[in-house]
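model_0.cif (mmCIF, C-alpha atoms)
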data_work
loop_
_atom_site.label_atom_id
_atom_site.label_comp_id
_atom_site.auth_asym_id
_atom_site.auth_seq_id
_atom_site.Cartn_x
_atom_site.Cartn_y
_atom_site.Cartn_z
CA MET A 1 120.69 113.34 231.32
CA THR A 2 123.79 115.44 232.00
CA ASP A 3 124.80 119.05 231.60
CA ALA A 4 125.86 120.19 228.17
CA PRO A 5 129.57 119.57 227.67
CA ALA A 6 130.30 123.17 226.75
CA THR A 7 131.86 124.89 229.73
CA LEU A 8 132.97 128.40 230.57
CA GLY A 9 135.95 129.63 232.58
CA GLY A 10 136.07 128.04 236.03
CA GLY A 11 134.43 124.81 234.91
CA MET A 12 130.82 126.10 234.94
CA SER A 13 128.80 124.59 232.11
CA MET A 14 126.53 126.69 229.91
CA ASN A 15 123.57 124.65 231.14
CA THR A 16 124.37 125.54 234.75
CA ARG A 17 124.93 129.21 233.92
CA ILE A 18 121.53 129.44 232.19
CA ARG A 19 119.69 127.86 235.11
CA LEU A 20 121.39 130.06 237.69
CA SER A 21 120.75 133.17 235.59
CA ALA A 22 117.05 132.31 235.28
CA MET A 23 116.94 131.85 239.06
CA MET A 24 118.29 135.37 239.64
CA PHE A 25 116.01 136.90 236.99
CA LEU A 26 112.81 135.55 238.52
CA GLN A 27 113.92 135.98 242.13
CA TYR A 28 114.40 139.74 241.84
CA MET A 29 111.59 140.41 239.39
CA MET A 30 109.02 138.99 241.81
CA VAL A 31 109.74 141.62 244.48
CA ALA A 32 110.49 144.58 242.22
CA VAL A 33 107.12 144.46 240.50
CA TRP A 34 105.23 145.26 243.72
CA PHE A 35 107.70 146.66 246.24
CA VAL A 36 108.98 149.60 244.16
CA PRO A 37 105.52 151.28 243.94
CA LEU A 38 104.46 150.06 247.41
CA SER A 39 104.72 153.38 249.27
CA ALA A 40 102.59 155.08 246.61
CA TYR A 41 99.96 152.33 246.96
CA LEU A 42 99.91 152.67 250.75
CA ALA A 43 99.52 156.45 250.43
CA LYS A 44 96.42 155.90 248.27
CA LEU A 45 95.02 153.66 251.00
CA GLN A 46 95.43 156.74 253.28
CA MET A 47 97.59 154.94 255.81
CA THR A 48 99.30 156.89 258.58
CA GLY A 49 103.05 157.45 258.70
CA THR A 50 103.49 154.74 261.35
CA GLN A 51 101.40 152.24 259.41
CA MET A 52 103.36 152.96 256.24
CA ALA A 53 106.69 152.64 258.05
CA LEU A 54 105.66 149.24 259.45
CA ILE A 55 104.53 147.92 256.08
CA VAL A 56 107.52 149.17 254.06
CA SER A 57 109.63 147.58 256.83
CA SER A 58 108.10 144.15 256.21
CA MET A 59 111.06 143.41 253.91
CA ALA A 60 113.51 144.34 256.65
CA ILE A 61 111.70 142.24 259.27
CA GLY A 62 111.61 139.36 256.79
CA CYS A 63 115.41 139.26 256.77
CA LEU A 64 115.34 138.07 260.38
CA GLY A 65 114.77 134.57 259.03
CA SER A 66 117.76 134.63 256.64
CA PRO A 67 120.44 133.06 258.91
CA LEU A 68 117.96 130.42 260.10
CA ILE A 69 117.04 129.42 256.54
CA GLY A 70 120.76 129.47 255.70
CA MET A 71 121.38 127.01 258.54
CA PHE A 72 118.77 124.60 257.11
CA ALA A 73 120.43 124.82 253.70
CA ASP A 74 123.91 124.35 255.21
CA ARG A 75 123.00 121.36 257.40
CA HIS A 76 119.74 119.65 256.51
CA PHE A 77 118.19 120.16 253.06
CA SER A 78 119.28 120.77 249.48
CA SER A 79 119.29 124.51 248.84
CA GLU A 80 117.27 124.34 245.62
CA ARG A 81 114.45 122.45 247.40
CA VAL A 82 114.36 125.00 250.22
CA LEU A 83 114.18 127.76 247.59
CA ALA A 84 111.24 126.10 245.82
CA ILE A 85 109.21 125.85 249.03
CA LEU A 86 109.93 129.46 250.02
CA ASN A 87 108.92 130.78 246.60
CA LEU A 88 105.67 128.82 246.60
CA ALA A 89 104.76 130.21 250.02
CA THR A 90 105.60 133.73 248.81
CA ALA A 91 103.28 133.34 245.83
CA VAL A 92 100.33 132.39 248.06
CA LEU A 93 100.94 135.23 250.53
CA LEU A 94 101.32 137.92 247.86
CA PHE A 95 98.06 136.79 246.31
CA LEU A 96 96.33 137.10 249.68
CA SER A 97 97.86 140.56 250.28
CA ALA A 98 96.18 141.78 247.08
CA ARG A 99 92.79 140.70 248.37
CA VAL A 100 92.73 143.00 251.41
CA THR A 101 92.96 146.77 251.94
CA ALA A 102 92.81 147.31 255.71
CA PRO A 103 96.22 148.19 257.24
CA THR A 104 96.45 145.23 259.64
CA PRO A 105 95.81 142.38 257.17
CA VAL A 106 97.94 144.08 254.49
CA PHE A 107 100.79 144.27 256.99
CA VAL A 108 100.35 140.67 258.18
CA PHE A 109 100.31 139.13 254.71
CA LEU A 110 103.24 141.22 253.46
CA LEU A 111 105.24 140.47 256.60
CA LEU A 112 104.67 136.72 256.18
CA ALA A 113 105.52 137.01 252.49
CA MET A 114 108.79 138.73 253.31
CA LEU A 115 109.64 136.16 255.97
CA THR A 116 109.51 133.54 253.22
CA TYR A 117 110.99 135.71 250.46
CA MET A 118 113.92 137.64 251.97
CA PRO A 119 115.94 134.54 252.99
CA THR A 120 116.05 133.67 249.28
CA TRP A 121 118.50 136.51 248.57
CA GLY A 122 121.22 134.91 250.65
CA LEU A 123 120.14 131.43 249.54
CA THR A 124 120.32 132.20 245.80
CA SER A 125 123.73 133.84 246.31
CA ALA A 126 125.01 130.73 248.10
CA ILE A 127 123.61 128.46 245.36
CA ALA A 128 125.23 130.54 242.62
CA MET A 129 128.62 130.75 244.33
CA SER A 130 128.64 127.02 245.09
CA HIS A 131 128.61 126.31 241.35
CA SER A 132 130.99 129.05 240.19
CA PRO A 133 133.97 131.03 241.52
CA SER A 134 132.80 133.96 243.63
CA GLU A 135 134.46 136.45 241.26
CA LYS A 136 132.09 135.24 238.52
CA PHE A 137 129.06 135.80 240.73
CA PRO A 138 128.31 139.31 239.33
CA GLN A 139 127.88 137.74 235.88
CA ILE A 140 125.08 135.60 237.33
CA ARG A 141 123.70 138.26 239.69
CA VAL A 142 123.30 140.75 236.82
CA PHE A 143 120.24 138.78 235.71
CA GLY A 144 118.62 139.81 238.99
CA SER A 145 119.08 143.41 237.86
CA ILE A 146 117.61 142.52 234.48
CA GLY A 147 114.63 140.96 236.24
CA TRP A 148 114.21 144.07 238.36
CA VAL A 149 114.16 146.24 235.23
CA ALA A 150 111.79 143.86 233.48
CA ALA A 151 109.33 144.40 236.34
CA ALA A 152 108.79 147.93 235.00
CA LEU A 153 107.29 146.42 231.87
CA PHE A 154 104.24 145.33 233.86
CA SER A 155 103.19 148.94 234.41
CA LEU A 156 104.16 150.12 230.93
CA VAL A 157 102.38 147.27 229.14
CA ALA A 158 99.25 147.78 231.26
CA ALA A 159 99.16 151.47 230.35
CA TRP A 160 99.63 150.63 226.69
CA LEU A 161 97.13 147.79 226.36
CA PHE A 162 94.34 148.53 228.81
CA VAL A 163 91.98 151.38 229.72
CA ASP A 164 89.83 151.79 232.82
CA SER A 165 86.06 152.31 232.95
CA SER A 166 86.40 156.04 232.22
CA GLY A 167 88.41 155.42 229.07
CA GLU A 168 91.73 156.53 230.61
CA LYS A 169 94.88 154.45 230.21
CA LEU A 170 95.26 152.00 233.06
CA LYS A 171 98.14 152.73 235.42
CA ILE A 172 98.79 149.84 237.80
CA ASP A 173 101.22 151.84 239.99
CA GLY A 174 99.40 152.65 243.22
CA THR A 175 96.99 149.68 242.87
CA ASN A 176 96.95 146.09 244.13
CA ILE A 177 97.61 144.68 240.64
CA PRO A 178 101.42 144.55 241.17
CA HIS A 179 100.80 142.16 244.08
CA TYR A 180 99.06 139.73 241.73
CA CYS A 181 101.95 140.11 239.28
CA GLY A 182 104.44 139.33 242.05
CA ALA A 183 102.48 136.21 243.04
CA ALA A 184 102.58 134.94 239.44
CA VAL A 185 106.33 135.48 239.12
CA ALA A 186 106.90 133.79 242.50
CA LEU A 187 105.04 130.71 241.26
CA LEU A 188 107.28 130.57 238.17
CA ALA A 189 110.35 130.95 240.40
CA ALA A 190 109.18 128.01 242.54
CA LEU A 191 108.90 125.81 239.46
CA ASN A 192 112.29 126.98 238.18
CA ALA A 193 113.92 126.10 241.50
CA LEU A 194 113.08 122.45 240.90
CA ILE A 195 115.44 122.31 237.90
CA LEU A 196 118.39 124.13 239.50
CA PRO A 197 121.76 122.37 239.91
CA HIS A 198 121.73 120.07 242.92
CA THR A 199 123.23 121.88 245.92
CA PRO A 200 123.44 119.46 248.86
CA PRO A 201 123.95 120.71 252.45
CA PRO A 202 127.75 120.95 252.91
CA ALA A 203 127.57 120.43 256.70
CA LYS A 204 125.05 117.58 256.69
CA GLY A 205 125.49 115.22 259.62
CA GLN A 206 127.49 117.62 261.76
CA LYS A 207 126.37 118.23 265.31
CA ALA A 208 124.22 121.30 265.82
CA SER A 209 123.67 123.44 268.91
CA ILE A 210 121.01 126.01 269.77
CA VAL A 211 123.29 128.56 268.12
CA ASP A 212 123.06 126.57 264.88
CA ALA A 213 119.30 126.12 265.27
CA LEU A 214 118.92 129.89 265.34
CA GLY A 215 121.31 130.32 262.42
CA LEU A 216 123.64 132.48 264.54
CA ARG A 217 126.96 130.63 264.26
CA SER A 218 128.02 132.97 261.47
CA LEU A 219 128.18 135.76 264.07
CA GLY A 220 131.40 134.11 265.27
CA LEU A 221 133.05 135.32 262.07
CA MET A 222 132.95 138.82 263.54
CA LYS A 223 135.95 137.88 265.70
CA ASP A 224 137.88 138.88 262.60
CA ARG A 225 138.08 142.68 262.86
CA TYR A 226 137.83 143.27 259.11
CA PHE A 227 134.77 141.08 258.86
CA ALA A 228 133.29 143.06 261.77
CA VAL A 229 134.01 146.36 259.98
CA LEU A 230 132.19 145.07 256.90
CA ILE A 231 129.14 143.96 258.91
CA ILE A 232 128.89 147.10 261.07
CA GLY A 233 129.70 149.40 258.14
CA THR A 234 127.04 147.72 256.01
CA LEU A 235 124.51 148.21 258.80
CA LEU A 236 125.29 151.94 258.99
CA GLY A 237 125.45 152.33 255.21
CA THR A 238 122.00 150.82 254.74
CA ILE A 239 120.35 153.51 256.89
CA PRO A 240 120.78 156.17 254.18
CA PHE A 241 120.26 153.53 251.46
CA ALA A 242 116.77 152.96 252.91
CA ALA A 243 115.70 156.54 252.12
CA HIS A 244 115.80 155.92 248.36
CA TRP A 245 114.73 152.28 248.65
CA SER A 246 111.60 152.79 250.75
CA TYR A 247 110.60 156.43 250.26
CA GLY A 248 111.85 157.12 246.75
CA SER A 249 108.59 156.38 244.93
CA ALA A 250 106.58 158.52 247.40
CA PHE A 251 109.06 161.40 246.94
CA LEU A 252 108.85 161.24 243.15
CA GLN A 253 105.05 161.06 243.35
CA ASP A 254 105.04 164.25 245.46
CA GLN A 255 107.26 165.85 242.80
CA GLY A 256 104.69 165.06 240.12
CA PHE A 257 106.46 162.13 238.45
CA LYS A 258 104.38 159.50 236.62
CA TYR A 259 105.18 155.83 235.91
CA LEU A 260 106.96 155.48 239.23
CA THR A 261 108.08 151.89 238.75
CA ALA A 262 109.67 152.67 235.39
CA THR A 263 111.37 155.83 236.72
CA MET A 264 112.78 154.13 239.82
CA ASN A 265 113.92 151.14 237.78
CA MET A 266 116.21 153.32 235.69
CA GLY A 267 118.76 152.62 238.41
CA GLN A 268 118.46 148.88 237.85
CA PHE A 269 118.67 149.39 234.08
CA VAL A 270 122.06 151.06 234.49
CA GLU A 271 122.94 148.38 237.06
CA MET A 272 122.64 145.70 234.36
CA PHE A 273 125.75 147.12 232.70
CA LEU A 274 127.64 148.23 235.79
CA MET A 275 127.29 144.82 237.46
CA LEU A 276 129.45 143.35 234.71
CA LEU A 277 132.21 145.80 235.66
CA VAL A 278 132.43 144.48 239.23
CA PRO A 279 134.78 141.56 238.33
CA VAL A 280 136.90 143.98 236.30
CA SER A 281 137.09 146.41 239.21
CA ILE A 282 138.05 143.62 241.60
CA ALA A 283 140.79 142.44 239.23
CA VAL A 284 142.17 145.93 238.62
CA PHE A 285 141.64 147.72 241.95
CA GLY A 286 141.01 144.93 244.43
CA LEU A 287 137.88 144.22 246.44
CA ARG A 288 138.53 146.96 249.01
CA TRP A 289 138.50 149.78 246.46
CA THR A 290 135.57 148.22 244.64
CA ILE A 291 133.54 148.51 247.85
CA LEU A 292 134.77 152.09 248.38
CA ILE A 293 133.64 153.06 244.86
CA GLY A 294 130.14 151.86 245.75
CA LEU A 295 130.14 153.90 248.95
CA ALA A 296 131.36 157.00 247.12
CA ALA A 297 128.44 156.62 244.71
CA GLN A 298 126.04 156.71 247.66
CA VAL A 299 127.48 160.08 248.73
CA VAL A 300 126.88 161.31 245.18
CA ARG A 301 123.28 160.01 245.24
CA TYR A 302 122.19 161.92 248.32
CA GLY A 303 124.18 164.99 247.40
CA ALA A 304 122.20 165.06 244.13
CA TYR A 305 118.89 164.57 245.93
CA LEU A 306 119.80 167.33 248.40
CA MET A 307 120.88 169.86 245.78
CA GLY A 308 117.90 169.05 243.58
CA ASP A 309 115.52 169.61 246.48
CA VAL A 310 117.19 172.86 247.57
CA ALA A 311 117.32 174.28 244.04
CA ASP A 312 113.96 172.79 243.03
CA PHE A 313 115.77 171.30 240.05
CA SER A 314 114.25 167.89 239.30
CA PRO A 315 116.82 166.79 236.64
CA LEU A 316 119.27 166.18 239.51
CA TYR A 317 117.02 163.37 240.74
CA PHE A 318 117.93 161.28 237.72
CA PRO A 319 121.67 160.96 238.53
CA ALA A 320 120.61 160.00 242.07
CA ILE A 321 118.60 157.14 240.56
CA TRP A 322 121.20 156.14 237.95
CA VAL A 323 124.03 155.54 240.48
CA HIS A 324 121.99 152.80 242.15
CA GLY A 325 123.85 150.17 240.15
CA ILE A 326 127.23 151.36 241.42
CA ILE A 327 126.01 151.35 245.01
CA PHE A 328 124.38 147.94 244.87
CA GLY A 329 126.86 146.22 242.58
CA PHE A 330 130.14 147.53 243.96
CA PHE A 331 129.22 147.86 247.65
CA TYR A 332 126.60 145.19 248.40
CA VAL A 333 127.62 142.54 245.87
CA GLY A 334 131.27 143.30 246.61
CA GLY A 335 130.49 142.61 250.26
CA GLN A 336 128.90 139.27 249.35
CA ILE A 337 132.02 138.26 247.43
CA TYR A 338 134.20 139.20 250.41
CA ILE A 339 132.01 137.09 252.71
CA ASP A 340 132.25 134.11 250.35
CA ARG A 341 136.05 134.38 250.60
CA LYS A 342 136.07 134.64 254.39
CA ALA A 343 133.37 132.12 255.41
CA PRO A 344 134.27 128.44 255.77
CA LYS A 345 132.54 126.07 253.36
CA GLU A 346 130.12 124.67 255.95
CA MET A 347 128.92 128.17 256.86
CA LYS A 348 128.63 129.99 253.53
CA ALA A 349 124.81 130.02 253.30
CA GLN A 350 124.53 131.22 256.92
CA ALA A 351 127.12 133.94 256.31
CA GLN A 352 125.27 135.15 253.21
CA GLY A 353 122.09 135.15 255.28
CA LEU A 354 123.87 137.22 257.93
CA ILE A 355 124.83 140.02 255.52
CA PHE A 356 121.25 140.25 254.28
CA LEU A 357 119.98 140.24 257.86
CA VAL A 358 122.31 143.12 258.71
CA SER A 359 121.66 145.13 255.54
CA PHE A 360 118.13 144.58 254.28
CA GLY A 361 117.00 143.42 257.70
CA ILE A 362 118.26 145.48 260.63
CA GLY A 363 119.75 148.29 258.52
CA LEU A 364 116.65 148.75 256.38
CA LEU A 365 114.37 148.54 259.41
CA VAL A 366 116.32 151.16 261.36
CA GLY A 367 116.64 153.29 258.24
CA ASN A 368 112.91 153.21 257.54
CA PHE A 369 112.02 154.47 261.01
CA VAL A 370 114.89 156.96 261.29
CA ASN A 371 114.17 158.44 257.87
CA GLY A 372 110.43 158.33 258.54
CA ALA A 373 110.93 160.30 261.76
CA VAL A 374 113.21 162.83 260.07
CA LEU A 375 110.58 163.39 257.37
CA GLN A 376 108.22 164.69 260.06
CA ILE A 377 110.66 167.18 261.61
CA GLY A 378 109.21 170.66 261.21
CA ALA A 379 106.77 169.43 258.56
CA GLN A 380 103.23 170.73 258.44
CA GLU A 381 100.35 168.27 258.49
CA GLY A 382 100.13 166.38 255.21
CA THR A 383 103.68 167.32 254.14
CA LYS A 384 107.15 165.78 254.53
CA ASN A 385 110.54 167.38 255.21
CA TYR A 386 112.53 165.72 252.43
CA TYR A 387 115.33 168.29 252.79
CA ALA A 388 116.11 167.06 256.30
CA MET A 389 116.16 163.43 255.16
CA TRP A 390 118.45 164.09 252.20
CA LEU A 391 120.83 166.12 254.39
CA LEU A 392 121.06 163.37 257.02
CA CYS A 393 121.64 160.72 254.34
CA THR A 394 124.40 162.73 252.66
CA ILE A 395 126.28 163.20 255.95
CA LEU A 396 125.88 159.58 257.07
CA SER A 397 126.97 158.24 253.67
CA ALA A 398 130.15 160.31 253.87
CA VAL A 399 130.86 159.01 257.39
CA VAL A 400 130.47 155.37 256.30
CA PHE A 401 132.82 155.97 253.36
CA LEU A 402 135.48 157.31 255.75
CA ILE A 403 135.01 154.33 258.12
CA PHE A 404 135.76 151.88 255.30
CA LEU A 405 138.59 153.99 253.95
CA VAL A 406 140.39 154.03 257.31
CA LEU A 407 139.48 150.68 258.90
CA PHE A 408 138.76 148.18 256.11
CA ARG A 409 142.29 147.12 255.10
CA ASP A 410 142.08 143.34 254.97
CA PRO A 411 144.86 142.02 252.68
CA MET A 412 142.34 139.49 251.38
CA ALA A 413 140.23 142.40 250.11
CA ASP A 414 143.24 143.95 248.40
CA LYS A 415 143.99 140.89 246.31
CA ALA A 416 143.19 141.29 242.62
CA PRO A 417 142.13 137.82 241.45
CA LYS A 418 141.95 136.77 237.82
CA LEU A 419 139.23 138.23 235.65
CA ALA A 420 135.94 136.39 235.57
CA GLY A 421 136.79 134.68 232.30
CA ALA A 422 139.91 133.09 233.76
CA GLU A 423 139.98 129.61 235.19
CA ALA A 424 139.03 129.19 238.80
CA PRO A 425 141.76 128.44 241.34
CA GLU A 426 142.21 124.75 241.95
CA ALA A 427 140.93 125.01 245.52
CA GLU A 428 137.67 126.54 244.38
CA ALA A 429 137.19 123.89 241.72
CA THR A 430 137.74 121.22 244.35
CA GLU A 431 135.12 122.74 246.64
CA ASP A 432 132.55 122.56 243.88
CA GLU A 433 133.16 118.89 243.10
CA PRO A 434 130.72 117.44 245.66
CA ALA A 435 127.92 119.61 244.32
CA GLU A 436 128.70 118.66 240.73
CA GLU A 437 128.86 114.96 241.65
CA GLY A 438 125.55 115.26 243.48
CA GLU A 439 124.05 116.96 240.47
CA ALA A 440 125.31 114.25 238.13
CA GLU A 441 123.95 111.53 240.43
CA GLU A 442 120.53 113.18 240.57
CA GLU A 443 120.45 113.60 236.79
CA LYS A 444 121.35 109.94 236.23
CA GLN A 445 118.42 108.93 238.43
CA GLU A 446 116.15 111.14 236.36
#

Now, as a test, write the supplied structure out as structure tokens.
Amino acid sequence: MTDAPATLGGGMSMNTRIRLSAMMFLQYMMVAVWFVPLSAYLAKLQMTGTQMALIVSSMAIGCLGSPLIGMFADRHFSSERVLAILNLATAVLLFLSARVTAPTPVFVFLLLAMLTYMPTWGLTSAIAMSHSPSEKFPQIRVFGSIGWVAAALFSLVAAWLFVDSSGEKLKIDGTNIPHYCGAAVALLAALNALILPHTPPPAKGQKASIVDALGLRSLGLMKDRYFAVLIIGTLLGTIPFAAHWSYGSAFLQDQGFKYLTATMNMGQFVEMFLMLLVPVSIAVFGLRWTILIGLAAQVVRYGAYLMGDVADFSPLYFPAIWVHGIIFGFFYVGGQIYIDRKAPKEMKAQAQGLIFLVSFGIGLLVGNFVNGAVLQIGAQEGTKNYYAMWLLCTILSAVVFLIFLVLFRDPMADKAPKLAGAEAPEAEATEDEPAEEGEAEEEKQE
């Protein structure tokens, strides 16, 4: 059995594109369905601010394993097999997290779940970019956004189909039901990983040191000053990003919003369309300005939150949600594409793991606690100082934009490669040949 002969630009077959797209869809749906309404659920469990900060930071702590898992995929095991094992473990742990309500076991199970789940973000990116030119990656990654939006359907369908014991429509936001939903999607993702294109370890057989064992060799890439600006700037930029990511649903709940998952996922709905513009932006403006557009959108987000809070004008919160796709697609995905260009072949999975460690690991962790502390400044018991948090995030977002504007001038990031529909450069096609040969060999055996 071989891939369908029909191919798209860059030599990627339709069969491969479908499998990679399904991978992204399931991988991001499984976390969106439970993480988006998580802070509202924890508030209903009457957890303290510190307990909530620790639990919403489980995703950030989970990123600590990303470079290590990337090292295993680079040197020892096929990436799709590693992905299947991680997703299966995530399914079990999410199921267990739904069975407990005390703060400590909830934190432990979610932390373990994130230690197995978060490395999959870098891993799925490396798998996708090993079978297609990096400039075409947004066309695959957009299905992650679609999966994120589809997660909102869980809450809407439940409210439409089911009623609770009092006869009221069932709202699963703020309950443990999303955790069960996430476990089910994770199980499907584990099964789907078994049919992904074969992605063998590119550095198999090479000598490894303790640095490799810890997945830290990719840190050596920071000797390049532009790469270092990207890493450090991403770390700083994720601190304000964390305010919307981790505290957004709690803020909207305090403002009287209902259907929190659906409201927050409006940003991912818009992202589905904006992600497809990333290759166009790279071709027209270059990667540097694509990243700057994403950072400018983050300034707009927190300016809208700040003005809406000051004026008590809730319609301004919607633009703050809608620009999420520009921030994530142009800044974060743009950064992944830059890393794929800079990292050597034998270190691509580790390098992708590094950017997720820095952003959704260290950056999100620091952001959660910084923003959590700011929320308590001058606040009376039982209230939160959202004005202070939005003001800090607006200022910091503007500072990060200026850092990239002045310091991030890598000629490689200024290149405007061919549009995603164009053929891949010969060098990129050559790099993909081993993976395609391995895939063909595996399929012949089947």

List as CSV every residue of region 254-331 of chain A that is in contact with region 393-407 of chain A, defined as an atom at most 9 Å from one of its atoms (using only C-alpha atoms), together with the nearest atom pair and the distance in Å rounded to one decimal, sorted by chain and then rising number.
residue,atom,partner,partner_atom,distance
A:Arg288,CA,A:Phe404,CA,8.5
A:Trp289,CA,A:Leu405,CA,8.6
A:Ile291,CA,A:Phe404,CA,8.5
A:Leu292,CA,A:Phe401,CA,6.6
A:Leu295,CA,A:Phe401,CA,5.6
A:Ala296,CA,A:Phe401,CA,6.5
A:Gln298,CA,A:Ser397,CA,6.3
A:Val299,CA,A:Ser397,CA,5.3
A:Val300,CA,A:Thr394,CA,8.0
A:Arg301,CA,A:Thr394,CA,8.0
A:Tyr302,CA,A:Thr394,CA,4.9
A:Gly303,CA,A:Thr394,CA,5.7
A:Tyr305,CA,A:Thr394,CA,8.9
A:Leu306,CA,A:Thr394,CA,7.8

Pull C-alpha atoms from the residues just selected and write them as a CSV table (one decimal), in the coordinates of the input.
chain,number,residue,atom,x,y,z
A,288,ARG,CA,138.5,147.0,249.0
A,289,TRP,CA,138.5,149.8,246.5
A,291,ILE,CA,133.5,148.5,247.8
A,292,LEU,CA,134.8,152.1,248.4
A,295,LEU,CA,130.1,153.9,249.0
A,296,ALA,CA,131.4,157.0,247.1
A,298,GLN,CA,126.0,156.7,247.7
A,299,VAL,CA,127.5,160.1,248.7
A,300,VAL,CA,126.9,161.3,245.2
A,301,ARG,CA,123.3,160.0,245.2
A,302,TYR,CA,122.2,161.9,248.3
A,303,GLY,CA,124.2,165.0,247.4
A,305,TYR,CA,118.9,164.6,245.9
A,306,LEU,CA,119.8,167.3,248.4

For this session: Write out as a PyMOL selection string which residues come within 9 Å of Gly267 (chain A) when counting all atoms listed in the file, dropping same-chain ones fewer than 5 positions away.
Result: chain A and resi 149+272+318-325

Exercise. Counting all atoms listed in the file, what is within 12 Å of Val185 (chain A), bar same-chain residues fewer than 6 positions away, as a list in words?
Worked result: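 The neighbour list is Ala22, Met23, Met24, Phe25, Leu26, Gln27, Tyr28, Met29, Met30, Val31, Ala32, Val33, Trp34, Asn87, Leu88, Thr90, Ala91, Val92, Leu94, Phe95, Gly147, Trp148, Ala150, Ala151, Phe154, Pro178, His179, Leu191 and Asn192 of chain A.
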
Store the residues picked out above in a file with C-alpha atoms, as a CSV table (one decimal), keeping the file's coordinate frame.
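File part.csv, as written:
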chain,number,residue,atom,x,y,z
A,22,ALA,CA,117.0,132.3,235.3
A,23,MET,CA,116.9,131.8,239.1
A,24,MET,CA,118.3,135.4,239.6
A,25,PHE,CA,116.0,136.9,237.0
A,26,LEU,CA,112.8,135.6,238.5
A,27,GLN,CA,113.9,136.0,242.1
A,28,TYR,CA,114.4,139.7,241.8
A,29,MET,CA,111.6,140.4,239.4
A,30,MET,CA,109.0,139.0,241.8
A,31,VAL,CA,109.7,141.6,244.5
A,32,ALA,CA,110.5,144.6,242.2
A,33,VAL,CA,107.1,144.5,240.5
A,34,TRP,CA,105.2,145.3,243.7
A,87,ASN,CA,108.9,130.8,246.6
A,88,LEU,CA,105.7,128.8,246.6
A,90,THR,CA,105.6,133.7,248.8
A,91,ALA,CA,103.3,133.3,245.8
A,92,VAL,CA,100.3,132.4,248.1
A,94,LEU,CA,101.3,137.9,247.9
A,95,PHE,CA,98.1,136.8,246.3
A,147,GLY,CA,114.6,141.0,236.2
A,148,TRP,CA,114.2,144.1,238.4
A,150,ALA,CA,111.8,143.9,233.5
A,151,ALA,CA,109.3,144.4,236.3
A,154,PHE,CA,104.2,145.3,233.9
A,178,PRO,CA,101.4,144.6,241.2
A,179,HIS,CA,100.8,142.2,244.1
A,191,LEU,CA,108.9,125.8,239.5
A,192,ASN,CA,112.3,127.0,238.2

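This file, filtered with the PyMOL selection byres ((chain A and resi 226) around 8), gives the residues Met222, Asp224, Arg225, Phe227, Ala228, Val229, Leu230, Leu407, Phe408, Arg409 and Asp410 of chain A.
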
Problem set entry | For CA of Ala152 (chain A) and CA of Gln253 (chain A), the interatomic separation in Å (one decimal) |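 Between CA of Ala152 (chain A) and CA of Gln253 (chain A) the gap works out to 16.0 Å.
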
For this session: Give the answer as one residue: which of A:Gln336, A:Ser125, A:Ser78, A:Gln255 has the shortest atom-to-atom distance to Phe313 (chain A), using only C-alpha atoms?
Result: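 Closest to Phe313 (chain A), using only C-alpha atoms: A:Gln255.
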
For this session: Return the single residue from A:Gly329, A:Ile239, A:Glu271, A:Ala349 that is closest to Leu392 (chain A), with distances computed using all atoms listed in the file.
Result: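 So, comparing all the options, the nearest one is A:Ile239.
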
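Distances to Lys342 (chain A) were evaluated for A:Val278, A:Lys223, A:Asn265, A:Ala304 using only C-alpha atoms, and the minimum falls at A:Lys223.
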
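Of the listed residues A:Ile231, A:Leu364, A:Ala262, A:Met275, the one whose atoms come nearest to Gly335 (chain A) is A:Ile231, with distances taken using all atoms listed in the file.
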
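CA of Ala283 (chain A) is found 19.6 Å from CA of Met12 (chain A).
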